[in-house]
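Novice: Please find one structure pasted underneath; my questions will follow.
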Amino acid sequence: KMAAATATRFCQQLSSVSDMSPDWTTKEVSTGTTIMAVEYEGGVVIGADSRTTTGAYIANRVTDKLTPIHDRIFCCRSGSAADTQAIADIVTYQLGFHSIELDEAPLVQTAANLFKASCYRYREELMAGIIVAGWDKRRGGQVYTVPVGGMLVRQPVSVGGSGSTYIYGFMDSNYKPNMTKEQCLHLVSGALSLAMERDGSSGGVIRLAAISESGVERQVILGNQLPKWSTA
Amino acid sequence: MERHYMDSKIKGVSTGVSNVNYVCSKTINKLIQVHDRIFCCIAGSLADAQAVTKTAKFQISLHSIQMESPPLVKAAASVMKELCYNNKEELQAGFITAGWDKKKGPQVYTVALGGMLLSLPFTIGGSGSTYIYGYTDAKYKPDMSREECLQFATNALALAMGRDNVSGGVAHLVVITEGGVEHVVIPGDKLPKFHDE
């Protein structure tokens with residue numbers, strides 16, 4: 001099945017040289033994206049833009065890239081929409097099963113390792129950059145990043161997706177350890193709006209979620225409410 | 001009253017140069033003086049950039065002698081643009097031309113890879129610039145003072161050098177005003193440090 005999928009993609013690439021048909025009839029669906037996650041005392045804040053593109057066409061302008069994997073564990077998806085949805089579904093199943101066997105809430109590190117296992121084993125076929133974030137009883141708020149290729153590393157702050165390159169400088173200068181939840185929300189929404197302004201594959205609305213012991217709080221920041229900067 | 005713009009008064013560049021995966025020099029000065037009050041920041045293929053700036057320096061010099069007055073920054077930028085646009089197939093270099101002239105005071109122009117010329121209040125370029133678009137968009141404000149500009153440029157360079165593997169070494173800054181030109185050199189270990197260093 002993997003071989004058939006690869007063959008189809010290869011044929012599409014051969015025939016897509018035509019300038020007559022627009023690229024969105026042949027390009028794969030991609031979550032171009034900017035995603036971000038920050039640890040704070042007591043939890044994590046995660047955020048993402050909402051644009052899904054097929055070439056130059058925006059297939060979905062209100063995408064939800066923050067996918068729940070378990071009650072207090074989310075993942076932020078970037079790269080191929082199909083690949084990340086498939087992997088997230090698989091990990092959700094595996095983690096749910098593991099949690100029932102264990103008879104307690106799973107660890108964020110476990111979820112992250114499950115993502116890594118799939119992303120690394122099928123690294124040649126997949127195009128997926130995932131940030132796993134959540135809260136568990138043992139280590140509190142944690143952010144793990146699983147970029148393309150299948151590496152796994154824990155970081156206090158992580159950015160991903162095509163728009164992330166534009167905000168490394170902003171993130172390096174504005175992040176400080178031990179911030180409050182409100183400061184984290186402010187940092188994430190500011191960084192995402194800067195990236196969405198510069199990256200053509202990111203845009204739409206900002207989706208945020210704050211995950212802690214007490215649960216998950218989600219919010220949406222619409223286009224006209226985005227943080228503004230002096231040059232905009 | 002003199003108006004202060006980031007990058008027209010203050011130009012900053014880092015100094016790393018690399019051949020594929022080997023950094024052949026950590027101390028190149030990428031700020032080339034093309035006239036008394038006009039400098040060019042170079043990025044891309046250094047061979048191409050050097051060839052273009054040497055030619056431009058000559059043409060601007062000749063122009064200035066013929067006009068019997070210092071050249072306009074716009075004229076210098078135009079010369080760079082002509083060279084880049086007419087040779088776009090062969091060249092792979094981008095420039096930021098900035099300086100001071102009597103007609104419009106401090107100005108900043110950017111000449112992109114294909115030869116587009118734009119006048120901007122401030123600009124960034126080179127491989128490391130992608131990492132600081134967010135930072136500069138957030139932190140830039142018009143009419144900064146000289147010290148604020150220097151701090152802004154130094155911070156931006158330090159952040160980019162921290163993330164880009166082919167930027168690094170030493171930070172060169174140049175302050176250009178009506179009164180003259182001042183060089184500021186900041187070695188790597190004296191650059192501002194951020195939370196993860």
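Convention: chains lettered A, B, ... in structure tokens order; per-chain residue numbering from 1; ligands numbered from 1 as shown.
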Residues of chain B within 10 Å of chain A, using only C-alpha atoms, as a ChimeraX atom specification?

Specialist: /B:121,128-142,155-163,192-197

Novice: Could the residues in this selection be saved with C-alpha atoms as a CSV table (one decimal), in the first residue's frame?

Specialist:
chain,number,residue,atom,x,y,z
B,121,PRO,CA,12.8,52.8,6.4
B,128,GLY,CA,20.2,34.7,8.8
B,129,SER,CA,17.6,37.3,8.2
B,130,THR,CA,14.7,34.8,8.1
B,131,TYR,CA,15.1,34.1,11.8
B,132,ILE,CA,14.8,37.8,12.8
B,133,TYR,CA,11.8,38.9,10.6
B,134,GLY,CA,9.5,38.4,13.6
B,135,TYR,CA,11.9,40.2,16.0
B,136,THR,CA,12.5,43.2,13.8
B,137,ASP,CA,8.8,43.5,12.9
B,138,ALA,CA,8.0,43.5,16.6
B,139,LYS,CA,10.8,45.8,17.9
B,140,TYR,CA,11.3,48.4,15.1
B,141,LYS,CA,9.7,51.8,15.6
B,142,PRO,CA,10.3,54.9,13.5
B,155,ASN,CA,20.3,42.5,19.3
B,156,ALA,CA,18.9,41.5,15.9
B,157,LEU,CA,22.4,40.4,14.6
B,158,ALA,CA,23.1,38.5,17.8
B,159,LEU,CA,19.8,36.6,17.5
B,160,ALA,CA,20.4,35.8,13.9
B,161,MET,CA,24.0,34.7,14.5
B,162,GLY,CA,22.7,32.4,17.3
B,163,ARG,CA,20.4,30.5,15.0
B,192,PRO,CA,24.2,40.3,23.9
B,193,LYS,CA,23.2,36.9,25.3
B,194,PHE,CA,19.7,35.5,25.5
B,195,HIS,CA,18.0,33.0,27.7
B,196,ASP,CA,19.4,29.8,26.3
B,197,GLU,CA,23.1,30.8,26.3

Novice: Write out as a ChimeraX atom specification each polymer residue whose atoms come within 9 Å of segment 202-212 of chain A, counting only C-alpha atoms; drop sequence neighbours fewer than 6 positions from it.

Specialist: /A:31-34,42-53,61-66,72-74,133-136,140-141,161-163,181,185,188-189,192-193,195-196,218-223,226

Novice: May I have the residues within 12 Å of segment 61-67 of chain B as a VMD selection string, using only C-alpha atoms and disregarding those fewer than 3 positions away in the same chain?

Specialist: chain B and resid 33 to 36 38 53 to 58 70 to 73 75 to 76 78 to 79

Novice: Please produce a file of the residues just selected, as a CSV table (one decimal), in the first residue's frame, where the atoms kept are N, CA and C atoms.

Specialist:
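Output below, filename out17.csv:
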chain,number,residue,atom,x,y,z
B,33,GLN,N,32.5,50.2,1.5
B,33,GLN,CA,32.3,51.6,1.3
B,33,GLN,C,32.3,51.9,-0.2
B,34,VAL,N,31.2,52.4,-0.7
B,34,VAL,CA,31.3,52.8,-2.2
B,34,VAL,C,31.4,54.2,-2.4
B,35,HIS,N,31.2,55.0,-1.4
B,35,HIS,CA,31.6,56.5,-1.5
B,35,HIS,C,31.6,57.0,-0.1
B,36,ASP,N,32.0,58.3,0.1
B,36,ASP,CA,32.3,58.9,1.4
B,36,ASP,C,31.2,58.6,2.4
B,38,ILE,N,28.3,56.6,1.6
B,38,ILE,CA,27.4,55.5,1.1
B,38,ILE,C,28.1,54.1,1.3
B,53,THR,N,30.3,45.2,-6.4
B,53,THR,CA,30.6,46.4,-5.6
B,53,THR,C,31.8,47.1,-6.1
B,54,LYS,N,32.8,46.4,-6.6
B,54,LYS,CA,34.0,47.0,-7.2
B,54,LYS,C,33.6,47.8,-8.4
B,55,THR,N,32.8,47.2,-9.3
B,55,THR,CA,32.3,47.9,-10.5
B,55,THR,C,31.5,49.1,-10.1
B,56,ALA,N,30.6,48.9,-9.1
B,56,ALA,CA,29.7,50.0,-8.7
B,56,ALA,C,30.5,51.2,-8.1
B,57,LYS,N,31.5,50.8,-7.3
B,57,LYS,CA,32.3,51.9,-6.7
B,57,LYS,C,32.9,52.8,-7.8
B,58,PHE,N,33.4,52.1,-8.9
B,58,PHE,CA,34.0,52.9,-10.0
B,58,PHE,C,33.0,53.8,-10.6
B,70,PRO,N,28.8,65.2,-4.3
B,70,PRO,CA,28.7,63.8,-3.8
B,70,PRO,C,27.4,63.1,-4.3
B,71,PRO,N,27.5,61.8,-4.6
B,71,PRO,CA,26.4,61.2,-5.2
B,71,PRO,C,25.2,61.0,-4.3
B,72,LEU,N,24.0,60.9,-4.9
B,72,LEU,CA,22.8,60.6,-4.1
B,72,LEU,C,22.8,59.1,-3.7
B,73,VAL,N,22.3,58.8,-2.6
B,73,VAL,CA,22.2,57.4,-2.2
B,73,VAL,C,21.4,56.6,-3.2
B,75,ALA,N,21.2,57.2,-6.3
B,75,ALA,CA,22.0,57.0,-7.5
B,75,ALA,C,22.9,55.7,-7.3
B,76,ALA,N,23.5,55.7,-6.1
B,76,ALA,CA,24.3,54.5,-5.9
B,76,ALA,C,23.5,53.2,-5.9
B,78,SER,N,20.8,52.7,-7.5
B,78,SER,CA,20.4,52.5,-8.9
B,78,SER,C,21.5,51.8,-9.7
B,79,VAL,N,22.8,52.2,-9.4
B,79,VAL,CA,23.9,51.6,-10.1
B,79,VAL,C,24.0,50.1,-9.7

Novice: DSSP on the backbone: which residues in chain B end up as alpha helix (DSSP H)? Give the answer as a PyMOL selection string.

Specialist: chain B and resi 46-67+73-86+133-139+146-163

Novice: Mind pulling up the distance from atom CA of Gly160 of chain A to atom CA of Pro22 of chain A?

Specialist: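 Answer for the atom CA of Pro22 of chain A to atom CA of Gly160 of chain A separation: 28.1 Å.
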
Novice: Please, what distance in Å, to one decimal, runs between atom CA of Gly94 of chain B and atom CA of Gln151 of chain B?

Specialist: 24.3 Å

Novice: Considering only C-alpha atoms, state which residue in the set B:Thr177, B:Lys102, B:Gln50, B:Leu31 is at the smallest distance from Ser69 of chain B.

Specialist: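 The shortest atom-to-atom distance to Ser69 of chain B comes from B:Lys102.
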